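Pasting my_file02.pdb here (PDB, C-alpha atoms and all ligand atoms):
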```pdb
ATOM      1  CA  MET A  30       0.000   0.000   0.000
ATOM      2  CA  ARG A  31       1.329   3.407  -0.885
ATOM      3  CA  ARG A  32       2.029   5.830   1.915
ATOM      4  CA  ARG A  33      -0.795   8.252   1.298
ATOM      5  CA  GLU A  34      -3.433   5.526   0.999
ATOM      6  CA  PHE A  35      -2.018   3.883   4.122
ATOM      7  CA  LEU A  36      -2.079   7.175   5.985
ATOM      8  CA  GLY A  37      -5.561   8.037   4.793
ATOM      9  CA  SER A  38      -7.027   4.706   5.796
ATOM     10  CA  SER A  39      -5.506   4.563   9.214
ATOM     11  CA  VAL A  40      -5.071   8.002  10.650
ATOM     12  CA  SER A  41      -8.535   8.150  12.170
ATOM     13  CA  ALA A  42      -7.954   4.908  14.038
ATOM     14  CA  GLY A  43      -5.137   6.408  16.096
ATOM     15  CA  ILE A  44      -3.263   3.139  16.307
ATOM     16  CA  ILE A  45      -1.954   1.552  13.152
ATOM     17  CA  ALA A  46      -1.609  -2.209  13.366
ATOM     18  CA  GLY A  47       0.864  -2.630  10.518
ATOM     19  CA  SER A  48       3.683  -5.065   9.927
ATOM     20  CA  GLY A  49       6.091  -2.206  10.322
ATOM     21  CA  ALA A  50       7.247  -2.479   6.717
ATOM     22  CA  GLN A  51       5.179   0.573   5.754
ATOM     23  CA  ALA A  52       4.412   3.509   7.982
ATOM     24  CA  PRO A  53       3.317   7.085   7.650
ATOM     25  CA  ARG A  54       5.933   9.712   7.168
ATOM     26  CA  GLU A  55       7.404  11.037  10.380
ATOM     27  CA  LEU A  56       6.195  14.602  10.661
ATOM     28  CA  GLN A  57       7.912  15.814  13.820
ATOM     29  CA  ALA A  58      11.431  16.093  12.389
ATOM     30  CA  GLY A  59      12.984  17.507   9.276
ATOM     31  CA  GLY A  60      10.947  20.676   9.032
ATOM     32  CA  THR A  61       7.975  18.882   7.509
ATOM     33  CA  GLY A  62       5.416  20.984   9.263
ATOM     34  CA  SER A  63       3.827  19.183  12.209
ATOM     35  CA  THR A  64       3.664  21.013  15.502
ATOM     36  CA  ALA A  65       1.578  18.291  17.166
ATOM     37  CA  TYR A  66       2.437  16.474  20.352
ATOM     38  CA  THR A  67      -0.069  13.794  19.380
ATOM     39  CA  VAL A  68       1.327  11.144  17.063
ATOM     40  CA  GLU A  69      -0.113   8.020  15.495
ATOM     41  CA  VAL A  70       1.239   4.763  16.844
ATOM     42  CA  THR A  71       2.279   1.897  14.602
ATOM     43  CA  ILE A  72       2.513  -1.602  16.074
ATOM     44  CA  GLU A  73       5.556  -3.291  14.564
ATOM     45  CA  ARG A  74       4.925  -7.036  14.571
ATOM     46  CA  PRO A  75       7.252  -9.928  13.740
ATOM     47  CA  GLN A  76       7.762 -10.254   9.997
ATOM     48  CA  PRO A  77       8.133 -13.668   8.334
ATOM     49  CA  GLY A  78      11.177 -14.519   6.277
ATOM     50  CA  GLN A  79      14.100 -12.138   6.184
ATOM     51  CA  PRO A  80      12.728  -8.866   4.789
ATOM     52  CA  HIS A  81      15.764  -6.915   6.042
ATOM     53  CA  LYS A  82      18.371  -9.173   4.400
ATOM     54  CA  GLY A  83      21.379  -7.083   3.374
ATOM     55  CA  LYS A  84      20.622  -4.196   5.715
ATOM     56  CA  VAL A  85      22.986  -3.081   8.477
ATOM     57  CA  LEU A  86      22.054  -1.706  11.898
ATOM     58  CA  ALA A  87      24.145   0.051  14.523
ATOM     59  CA  ALA A  88      23.000  -0.207  18.136
ATOM     60  CA  ILE A  89      24.603   2.793  19.841
ATOM     61  CA  GLN A  90      24.818   3.273  23.610
ATOM     62  CA  PRO A  91      26.773   5.339  26.111
ATOM     63  CA  HIS A  92      26.703   2.552  28.736
ATOM     64  CA  CYS A  93      26.758  -1.208  28.540
ATOM     65  CA  ASP A  94      23.159  -1.700  29.724
ATOM     66  CA  ASP A  95      21.244   0.921  27.680
ATOM     67  CA  ILE A  96      20.489  -1.057  24.507
ATOM     68  CA  ALA A  97      19.906  -4.290  26.420
ATOM     69  CA  ILE A  98      17.244  -2.671  28.614
ATOM     70  CA  PHE A  99      15.437  -0.389  26.174
ATOM     71  CA  ALA A 100      15.952  -1.919  22.724
ATOM     72  CA  GLY A 101      17.311  -5.448  23.202
ATOM     73  CA  GLY A 102      14.115  -7.133  22.004
ATOM     74  CA  THR A 103      13.962  -4.987  18.882
ATOM     75  CA  VAL A 104      17.622  -5.645  18.025
ATOM     76  CA  LEU A 105      17.015  -9.400  18.405
ATOM     77  CA  LYS A 106      13.913  -9.125  16.192
ATOM     78  CA  LEU A 107      15.647  -7.100  13.464
ATOM     79  CA  ILE A 108      18.651  -9.455  13.392
ATOM     80  CA  ASP A 109      16.236 -12.394  13.162
ATOM     81  CA  GLU A 110      14.543 -10.650  10.229
ATOM     82  CA  GLY A 111      17.761 -10.373   8.236
ATOM     83  CA  TYR A 112      19.774  -7.416   9.485
ATOM     84  CA  SER A 113      23.439  -7.700  10.353
ATOM     85  CA  GLY A 114      24.646  -5.312  13.022
ATOM     86  CA  VAL A 115      27.303  -3.855  15.287
ATOM     87  CA  LEU A 116      27.387  -2.310  18.747
ATOM     88  CA  ILE A 117      28.952   1.126  19.277
ATOM     89  CA  GLN A 118      29.856   1.788  22.917
ATOM     90  CA  MET A 119      30.433   5.507  23.539
ATOM     91  CA  SER A 120      31.684   5.707  27.160
ATOM     92  CA  ASN A 121      34.304   3.668  28.998
ATOM     93  CA  ASP A 122      31.791   2.745  31.736
ATOM     94  CA  SER A 123      34.333   3.650  34.406
ATOM     95  CA  MET A 124      31.873   5.082  36.945
ATOM     96  CA  ALA A 125      29.171   2.463  37.329
ATOM     97  CA  GLY A 126      29.220  -1.003  38.767
ATOM     98  CA  ALA A 127      30.878  -3.292  41.242
ATOM     99  CA  GLY A 128      34.642  -3.610  41.282
ATOM    100  CA  SER A 129      37.802  -3.139  43.310
ATOM    101  CA  SER A 130      38.971  -0.025  41.412
ATOM    102  CA  VAL A 131      38.078   2.220  38.474
ATOM    103  CA  GLY A 132      40.287   0.103  36.202
ATOM    104  CA  ASP A 133      38.631  -3.084  37.431
ATOM    105  CA  ILE A 134      35.156  -1.648  36.740
ATOM    106  CA  VAL A 135      36.153  -0.609  33.217
ATOM    107  CA  LEU A 136      37.450  -4.097  32.460
ATOM    108  CA  LYS A 137      34.383  -5.846  33.887
ATOM    109  CA  ASN A 138      31.981  -3.584  31.982
ATOM    110  CA  GLU A 139      33.997  -4.079  28.786
ATOM    111  CA  ARG A 140      33.659  -7.858  29.146
ATOM    112  CA  ASP A 141      29.924  -7.539  29.841
ATOM    113  CA  THR A 142      29.512  -5.307  26.772
ATOM    114  CA  ASN A 143      31.200  -7.838  24.491
ATOM    115  CA  GLU A 144      28.984 -10.585  25.905
ATOM    116  CA  VAL A 145      25.852  -8.462  25.392
ATOM    117  CA  ALA A 146      26.827  -7.917  21.736
ATOM    118  CA  ARG A 147      27.396 -11.656  21.288
ATOM    119  CA  ARG A 148      24.024 -12.544  22.804
ATOM    120  CA  LEU A 149      22.271  -9.923  20.652
ATOM    121  CA  GLY A 150      23.788 -11.466  17.515
ATOM    122  CA  LEU A 151      25.900  -8.375  16.727
ATOM    123  CA  THR A 152      29.178  -9.070  14.965
ATOM    124  CA  GLU A 153      31.471  -6.451  16.462
ATOM    125  CA  THR A 154      31.754  -3.852  19.237
ATOM    126  CA  TYR A 155      33.434  -0.474  18.728
ATOM    127  CA  PHE A 156      34.598   1.168  21.976
ATOM    128  CA  PHE A 157      34.816   4.975  21.662
ATOM    129  CA  ASN A 158      36.080   5.236  25.247
ATOM    130  CA  TYR A 159      34.725   8.650  26.327
ATOM    131  CA  PRO A 160      34.762   9.254  30.110
ATOM    132  CA  ASN A 161      31.669   7.972  31.893
ATOM    133  CA  HIS A 162      29.505  10.733  33.455
ATOM    134  CA  TYR A 163      31.523  13.472  31.702
ATOM    135  CA  MET A 164      30.640  13.156  28.035
ATOM    136  CA  ASP A 165      29.169  16.690  27.969
ATOM    137  CA  GLY A 166      32.697  18.024  28.516
ATOM    138  CA  TRP A 167      34.062  16.339  25.406
ATOM    139  CA  SER A 168      33.816  17.402  21.805
ATOM    140  CA  ILE A 169      30.544  16.368  20.232
ATOM    141  CA  LEU A 170      32.156  17.282  16.909
ATOM    142  CA  GLU A 171      34.720  14.541  17.374
ATOM    143  CA  MET A 172      32.029  12.019  18.331
ATOM    144  CA  ARG A 173      30.020  12.963  15.265
ATOM    145  CA  ALA A 174      33.036  12.697  12.971
ATOM    146  CA  ARG A 175      33.874   9.231  14.278
ATOM    147  CA  LEU A 176      30.253   8.141  13.843
ATOM    148  CA  VAL A 177      30.095   9.504  10.280
ATOM    149  CA  PHE A 178      33.228   7.503   9.457
ATOM    150  CA  LEU A 179      31.719   4.289  10.832
ATOM    151  CA  PHE A 180      28.310   4.866   9.185
ATOM    152  CA  ARG A 181      30.055   5.232   5.822
ATOM    153  CA  LEU A 182      32.520   2.383   6.385
ATOM    154  CA  LEU A 183      29.853  -0.098   7.545
ATOM    155  CA  LYS A 184      27.071   1.312   5.293
ATOM    156  CA  VAL A 185      24.730   1.607   8.266
ATOM    157  CA  ASP A 186      21.055   1.760   7.251
ATOM    158  CA  THR A 187      19.428   1.892  10.689
ATOM    159  CA  VAL A 188      20.387   3.119  14.156
ATOM    160  CA  LEU A 189      18.941   2.447  17.598
ATOM    161  CA  VAL A 190      19.902   5.057  20.202
ATOM    162  CA  TYR A 191      18.526   7.345  22.928
ATOM    163  CA  ASP A 192      15.975   9.908  21.708
ATOM    164  CA  PRO A 193      17.721  13.254  21.111
ATOM    165  CA  SER A 194      14.356  14.999  21.692
ATOM    166  CA  SER A 195      13.219  13.209  24.857
ATOM    167  CA  LEU A 196      12.244  15.178  27.962
ATOM    168  CA  TYR A 197      13.862  15.251  31.408
ATOM    169  CA  GLU A 198      16.908  13.153  30.461
ATOM    170  CA  ARG A 199      19.441  14.190  33.088
ATOM    171  CA  ASN A 200      22.377  11.965  32.178
ATOM    172  CA  PRO A 201      24.765  13.879  29.878
ATOM    173  CA  ASP A 202      26.164  10.637  28.429
ATOM    174  CA  HIS A 203      22.666   9.818  27.185
ATOM    175  CA  TYR A 204      21.773  13.149  25.595
ATOM    176  CA  VAL A 205      25.226  13.847  24.158
ATOM    177  CA  THR A 206      25.288  10.414  22.517
ATOM    178  CA  ALA A 207      21.791  10.971  21.115
ATOM    179  CA  LYS A 208      22.647  14.397  19.701
ATOM    180  CA  ALA A 209      25.916  13.192  18.153
ATOM    181  CA  VAL A 210      24.158  10.286  16.443
ATOM    182  CA  GLU A 211      21.210  12.357  15.225
ATOM    183  CA  TRP A 212      23.235  14.719  13.091
ATOM    184  CA  ALA A 213      25.856  12.141  12.082
ATOM    185  CA  CYS A 214      23.010  10.189  10.459
ATOM    186  CA  ALA A 215      22.181  13.187   8.277
ATOM    187  CA  ILE A 216      25.622  14.386   7.214
ATOM    188  CA  ALA A 217      27.002  10.898   6.560
ATOM    189  CA  GLY A 218      25.068  11.188   3.293
ATOM    190  CA  SER A 219      26.540  14.542   2.327
ATOM    191  CA  GLU A 220      29.255  14.842  -0.289
ATOM    192  CA  TRP A 221      30.513  18.058   1.376
ATOM    193  CA  ASP A 222      31.127  16.714   4.878
ATOM    194  CA  TYR A 223      34.534  15.114   5.521
ATOM    195  CA  PRO A 224      35.397  14.796   1.800
ATOM    196  CA  GLU A 225      38.758  13.285   2.701
ATOM    197  CA  HIS A 226      36.843  10.071   3.459
ATOM    198  CA  PHE A 227      36.145   9.728  -0.271
ATOM    199  CA  LYS A 228      39.853   9.881  -1.078
ATOM    200  CA  ALA A 229      40.153   6.799   1.134
ATOM    201  CA  GLY A 230      37.469   4.953  -0.839
ATOM    202  CA  LEU A 231      34.360   5.640   1.273
ATOM    203  CA  LYS A 232      31.143   6.985  -0.224
ATOM    204  CA  PRO A 233      28.431   9.289   1.202
ATOM    205  CA  HIS A 234      25.935   7.060   3.011
ATOM    206  CA  GLU A 235      22.872   8.468   4.758
ATOM    207  CA  VAL A 236      21.382   6.492   7.620
ATOM    208  CA  GLN A 237      17.773   5.824   6.602
ATOM    209  CA  GLU A 238      15.914   4.638   9.709
ATOM    210  CA  LYS A 239      16.138   5.585  13.368
ATOM    211  CA  TYR A 240      14.644   3.897  16.419
ATOM    212  CA  TYR A 241      14.893   6.402  19.305
ATOM    213  CA  PHE A 242      14.182   5.168  22.846
ATOM    214  CA  ALA A 243      13.902   7.196  26.052
ATOM    215  CA  ARG A 244      13.859   6.845  29.829
ATOM    216  CA  GLY A 245      11.218   9.554  30.226
ATOM    217  CA  PRO A 246       8.466  11.194  28.204
ATOM    218  CA  GLN A 247       8.830  11.048  24.436
ATOM    219  CA  LEU A 248       6.553  11.084  21.384
ATOM    220  CA  VAL A 249       6.083   7.332  20.970
ATOM    221  CA  ASN A 250       4.993   6.483  17.428
ATOM    222  CA  ARG A 251       6.280   2.909  17.261
ATOM    223  CA  VAL A 252       5.488  -0.004  19.562
ATOM    224  CA  VAL A 253       7.560  -3.073  18.728
ATOM    225  CA  ASP A 254       6.028  -6.422  19.675
ATOM    226  CA  ILE A 255       8.920  -8.291  21.318
ATOM    227  CA  SER A 256       6.800 -11.066  22.881
ATOM    228  CA  ALA A 257       8.600 -13.729  20.835
ATOM    229  CA  TYR A 258      11.984 -12.401  21.957
ATOM    230  CA  ILE A 259      11.448 -11.686  25.639
ATOM    231  CA  ASP A 260      13.271 -14.797  26.911
ATOM    232  CA  LYS A 261      16.250 -14.017  24.672
ATOM    233  CA  LYS A 262      16.166 -10.410  25.875
ATOM    234  CA  VAL A 263      16.253 -11.666  29.459
ATOM    235  CA  TYR A 264      19.315 -13.776  28.587
ATOM    236  CA  VAL A 265      21.009 -10.682  27.072
ATOM    237  CA  ASN A 266      20.370  -8.674  30.245
ATOM    238  CA  MET A 267      21.690 -11.492  32.419
ATOM    239  CA  ALA A 268      25.124 -10.820  30.863
ATOM    240  CA  LEU A 269      25.208  -7.439  32.625
ATOM    241  CA  VAL A 270      26.595  -8.550  35.971
ATOM    242  CA  THR A 271      28.734  -5.464  36.726
ATOM    243  CA  GLN A 272      26.006  -2.792  36.492
ATOM    244  CA  GLY A 273      22.315  -2.509  35.690
ATOM    245  CA  PRO A 274      19.136  -3.946  37.183
ATOM    246  CA  ALA A 275      19.522  -7.550  35.937
ATOM    247  CA  GLY A 276      22.722  -9.644  35.945
ATOM    248  CA  ASP A 277      22.918 -11.829  39.047
ATOM    249  CA  THR A 278      20.537  -9.748  41.185
ATOM    250  CA  GLY A 279      18.032 -12.614  41.365
ATOM    251  CA  ALA A 280      20.610 -15.044  42.704
ATOM    252  CA  ARG A 281      21.729 -12.521  45.323
ATOM    253  CA  LEU A 282      18.141 -11.997  46.470
ATOM    254  CA  ARG A 283      17.621 -15.766  46.616
ATOM    255  CA  ARG A 284      20.745 -16.217  48.771
ATOM    256  CA  LYS A 285      19.712 -13.363  51.066
ATOM    257  CA  LEU A 286      16.282 -14.914  51.601
ATOM    258  CA  THR A 287      17.822 -18.338  52.186
ATOM    259  CA  ALA A 288      20.008 -16.839  54.927
ATOM    260  CA  GLU A 289      16.843 -15.441  56.506
ATOM    261  CA  GLY A 290      15.124 -18.836  56.306
ATOM    262  CA  ARG A 291      12.762 -17.741  53.532
ATOM    263  CA  LYS A 292      12.315 -18.225  49.796
ATOM    264  CA  LEU A 293      10.376 -16.858  46.842
ATOM    265  CA  PRO A 294       8.918 -19.700  44.738
ATOM    266  CA  LEU A 295       9.298 -17.387  41.693
ATOM    267  CA  LEU A 296      13.109 -17.592  41.983
ATOM    268  CA  GLY A 297      13.270 -21.404  41.755
ATOM    269  CA  ASP A 298      15.998 -23.584  43.219
ATOM    270  CA  ASN A 299      19.195 -22.427  41.514
ATOM    271  CA  ASP A 300      21.040 -19.213  40.611
ATOM    272  CA  GLU A 301      20.364 -19.424  36.873
ATOM    273  CA  THR A 302      16.605 -19.710  37.394
ATOM    274  CA  ALA A 303      16.656 -16.953  40.009
ATOM    275  CA  ASN A 304      18.488 -14.559  37.663
ATOM    276  CA  PHE A 305      16.205 -15.383  34.729
ATOM    277  CA  GLN A 306      12.963 -15.021  36.664
ATOM    278  CA  TYR A 307      14.059 -11.887  38.532
ATOM    279  CA  THR A 308      15.116 -10.187  35.282
ATOM    280  CA  LYS A 309      11.907 -11.107  33.484
ATOM    281  CA  ARG A 310       9.589 -10.190  36.360
ATOM    282  CA  PHE A 311      11.291  -7.089  37.805
ATOM    283  CA  ALA A 312      14.167  -5.676  35.718
ATOM    284  CA  LEU A 313      12.128  -5.754  32.478
ATOM    285  CA  GLU A 314       8.690  -5.176  33.956
ATOM    286  CA  TYR A 315       8.213  -2.057  31.812
ATOM    287  CA  ASP A 316       8.221  -4.245  28.703
ATOM    288  CA  ARG A 317       5.249  -6.135  30.128
ATOM    289  CA  ILE A 318       3.392  -2.977  31.167
ATOM    290  CA  ARG A 319       4.043  -1.321  27.806
ATOM    291  CA  GLY A 320       2.989  -4.426  25.905
ATOM    292  CA  GLN A 321      -0.247  -4.801  27.844
ATOM    293  CA  ALA A 322      -1.157  -1.182  27.057
ATOM    294  CA  HIS A 323      -1.340  -2.246  23.393
ATOM    295  CA  GLY A 324      -2.758  -5.753  23.721
ATOM    296  CA  LEU A 325       0.660  -7.405  23.485
ATOM    297  CA  GLU A 326       2.594  -9.551  25.974
ATOM    298  CA  TYR A 327       5.821  -7.521  25.830
ATOM    299  CA  ALA A 328       6.765  -4.406  23.889
ATOM    300  CA  GLU A 329       9.410  -1.721  23.487
ATOM    301  CA  TYR A 330       8.593   1.939  22.761
ATOM    302  CA  PHE A 331      10.301   4.177  20.227
ATOM    303  CA  HIS A 332      10.063   7.363  18.298
ATOM    304  CA  TYR A 333      10.741   5.860  14.870
ATOM    305  CA  ILE A 334      11.904   7.884  11.887
ATOM    306  CA  PRO A 335      11.498   6.081   8.541
ATOM    307  CA  PRO A 336      13.333   6.876   5.317
ATOM    308  CA  ASP A 337      12.331  10.346   4.212
ATOM    309  CA  GLU A 338       9.995  10.603   1.261
ATOM    310  CA  SER A 339       9.786  13.434  -1.198
ATOM    311  CA  ASP A 340       6.391  15.035  -1.770
ATOM    312  CA  VAL A 341       7.632  15.953  -5.244
ATOM    313  CA  ASP A 342       8.552  12.346  -6.121
ATOM    314  CA  ASP A 343       5.148  11.256  -4.826
ATOM    315  CA  TYR A 344       3.354  13.853  -6.973
ATOM    316  CA  VAL A 345       5.421  12.994 -10.061
ATOM    317  CA  GLN A 346       4.645   9.300  -9.674
ATOM    318  CA  LYS A 347       0.928  10.012  -9.461
ATOM    319  CA  HIS A 348       0.546  12.733 -12.082
ATOM    320  CA  ALA A 349       3.319  12.486 -14.651
ATOM    321  CA  VAL A 350       2.027  11.668 -18.156
ATOM    322  CA  ALA A 351       3.808  10.565 -21.314
ATOM    323  CA  LEU A 352       4.916  13.303 -23.706
TER
HETATM  324 ZN    ZN B 401      22.990   4.657  30.438
END
```
Before anything else, please render the file you have as structure tokens.
Amino acid sequence: MRRREFLGSSVSAGIIAGSGAQAPRELQAGGTGSTAYTVEVTIERPQPGQPHKGKVLAAIQPHCDDIAIFAGGTVLKLIDEGYSGVLIQMSNDSMAGAGSSVGDIVLKNERDTNEVARRLGLTETYFFNYPNHYMDGWSILEMRARLVFLFRLLKVDTVLVYDPSSLYERNPDHYVTAKAVEWACAIAGSEWDYPEHFKAGLKPHEVQEKYYFARGPQLVNRVVDISAYIDKKVYVNMALVTQGPAGDTGARLRRKLTAEGRKLPLLGDNDETANFQYTKRFALEYDRIRGQAHGLEYAEYFHYIPPDESDVDDYVQKHAVAL
């Protein structure tokens, strides 16, 4: 179905139950005219076969647990549907987690990050190594330049990252990463930005699709049904043992209760079960709440920006006649 027919037939319904392959144009960005805070929501459901074969995604995060918590199910789904992908880790994760020293924490988080990428099915992790908690003091221009280089080198079609327009985000690592990625996506396709790249054999390559997630209020226009991937997402989050809400928290709670002469049947009889059940029930409870709000078991929320469409191209296709 063409975009305008799709939009016309669905806009009154408020929620668009599409496959996710087609969606209305995103009107909040790019100067396309909308000033609305009310957006239509598309439910992105699992797609059979491998419709994304040949496409490349970059999951980009300041800290090792961001993608796993907010977009892990969607990454698993997109990889399953044919994407290949990489993880880009912006900070050195030196300030968060359990360890004997700053250096020890960095090493443990680095190992967790590599394991998260492996469990997500991503082929490589790039560590940009900016200082954790202090990314707003570092050059966003340098971050953007490094991202443009990677987007061109890897021919990235789609990114998943924090929403650069979300409200009340207080962590500078989150909003600096989001801002750096947002504009890198646009200028990676420009022949005038960093032309020395082309002398080295790269070509302009614009990133086409963006899945923006947020910790607070955002304009959610895409709900991804991750029900089929929730157990795998739990497994991904269980790799985050140094920081984050999952890891081995369930096993620690189980041991604490045992010492007190109590137990939670939910946590089972071994550490693995305790970690799995705790992560699914508590650490990822928002996925369940968000899914239920849309008649799904589990879901992740995004502001999704599809490939831009030209009104002129659309008009030409409809109205052009033979000479
Ligand atoms: Zn974070």
Using all atoms listed in the file, which residues sit within 10 Å of A:His234 once same-chain residues fewer than 4 positions away are excluded, as a PyMOL selection string?
chain A and resi 177-178+180-186+214-220
Distance limit 6 Å, reference ligand ZN 401 (chain B), atoms considered: only C-alpha atoms and all ligand atoms. Which residues make the cut? Give them as a PyMOL selection string.
chain A and resi 91-92+95
Check which residues satisfy the PyMOL selection byres (((chain A and resi 256) around 8) and not hetatm) in the file shown, then give them as a PyMOL selection string.
chain A and resi 254-255+257-259+325-328
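Separating atom CA of A:Pro77 from atom CA of A:Lys106 is a distance of 10.8 Å.
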Using atom CA of A:Ile98 and atom CA of A:Ala312 as the two end points, give the distance in Å to one decimal.
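If I compute the distance from atom CA of A:Ile98 to atom CA of A:Ala312, I get 8.3 Å.
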Starting from the point (18.2, -21.0, 39.1), work out which residues of protein, DNA or RNA have an atom no more than 12 Å away when counting all atoms listed in the file; state them as an MDAnalysis selection string.
chainID A and resid 277:284 293:308
Write the residues of the preceding selection, restricted to C-alpha atoms, as a compact mmCIF listing (two decimals), in the coordinates of the input.
```
# COMPACT_ATOMS: atom_id res chain seq x y z
CA ASP A 277 22.92 -11.83 39.05
CA THR A 278 20.54 -9.75 41.18
CA GLY A 279 18.03 -12.61 41.36
CA ALA A 280 20.61 -15.04 42.70
CA ARG A 281 21.73 -12.52 45.32
CA LEU A 282 18.14 -12.00 46.47
CA ARG A 283 17.62 -15.77 46.62
CA ARG A 284 20.74 -16.22 48.77
CA LEU A 293 10.38 -16.86 46.84
CA PRO A 294 8.92 -19.70 44.74
CA LEU A 295 9.30 -17.39 41.69
CA LEU A 296 13.11 -17.59 41.98
CA GLY A 297 13.27 -21.40 41.76
CA ASP A 298 16.00 -23.58 43.22
CA ASN A 299 19.20 -22.43 41.51
CA ASP A 300 21.04 -19.21 40.61
CA GLU A 301 20.36 -19.42 36.87
CA THR A 302 16.60 -19.71 37.39
CA ALA A 303 16.66 -16.95 40.01
CA ASN A 304 18.49 -14.56 37.66
CA PHE A 305 16.20 -15.38 34.73
CA GLN A 306 12.96 -15.02 36.66
CA TYR A 307 14.06 -11.89 38.53
CA THR A 308 15.12 -10.19 35.28
```
If you take every atom of stretch 175-185 of chain A that the file lists and fit an axis-aligned box around them with 3 Å extra on each side, what centre and edge lengths come out in Å to one decimal, as AutoDock Vina command-line options?
```
--center_x 29.3 --center_y 4.7 --center_z 9.8 --size_x 15.1 --size_y 15.6 --size_z 15.0
```
Have a look at atom CA of A:Ala125 and atom CA of A:Gln272 and let me know their distance in Å, one decimal.
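Atom CA of A:Gln272 lies at a distance of 6.2 Å from atom CA of A:Ala125.
When all atoms listed in the file are used to compute distances to A:Asn266, the closest of the residues A:Asp141, A:Asp342, A:Glu235, A:Glu329 turns out to be A:Asp141.
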Can you translate the PyMOL selection byres (((chain A and resi 116) around 7) and not hetatm) into the concrete residues it hits in this file, as a VMD selection string?
chain A and resid 87 to 89 115 117 to 118 146 151 153 to 155
Could you name the residues that touch A:Leu107 at 12 Å or less, counting only C-alpha atoms, but leaving out those on the same chain fewer than 6 positions away, as a PyMOL selection string?
chain A and resi 49-50+73-88+100-101+113-114+149-151+187-189+240+253-255+258
Taking all atoms listed in the file into account, name the residue in A:Gly111, A:Asn138, A:Thr206, A:Arg175 that is nearest to A:Gly126.
A:Asn138
Contacts of stretch 195-200 of chain A at 12 Å (only C-alpha atoms; same-chain gap of 3+ positions) as a ChimeraX atom specification:
/A:91-92,95,161-165,190-192,203-208,241-249,331-332
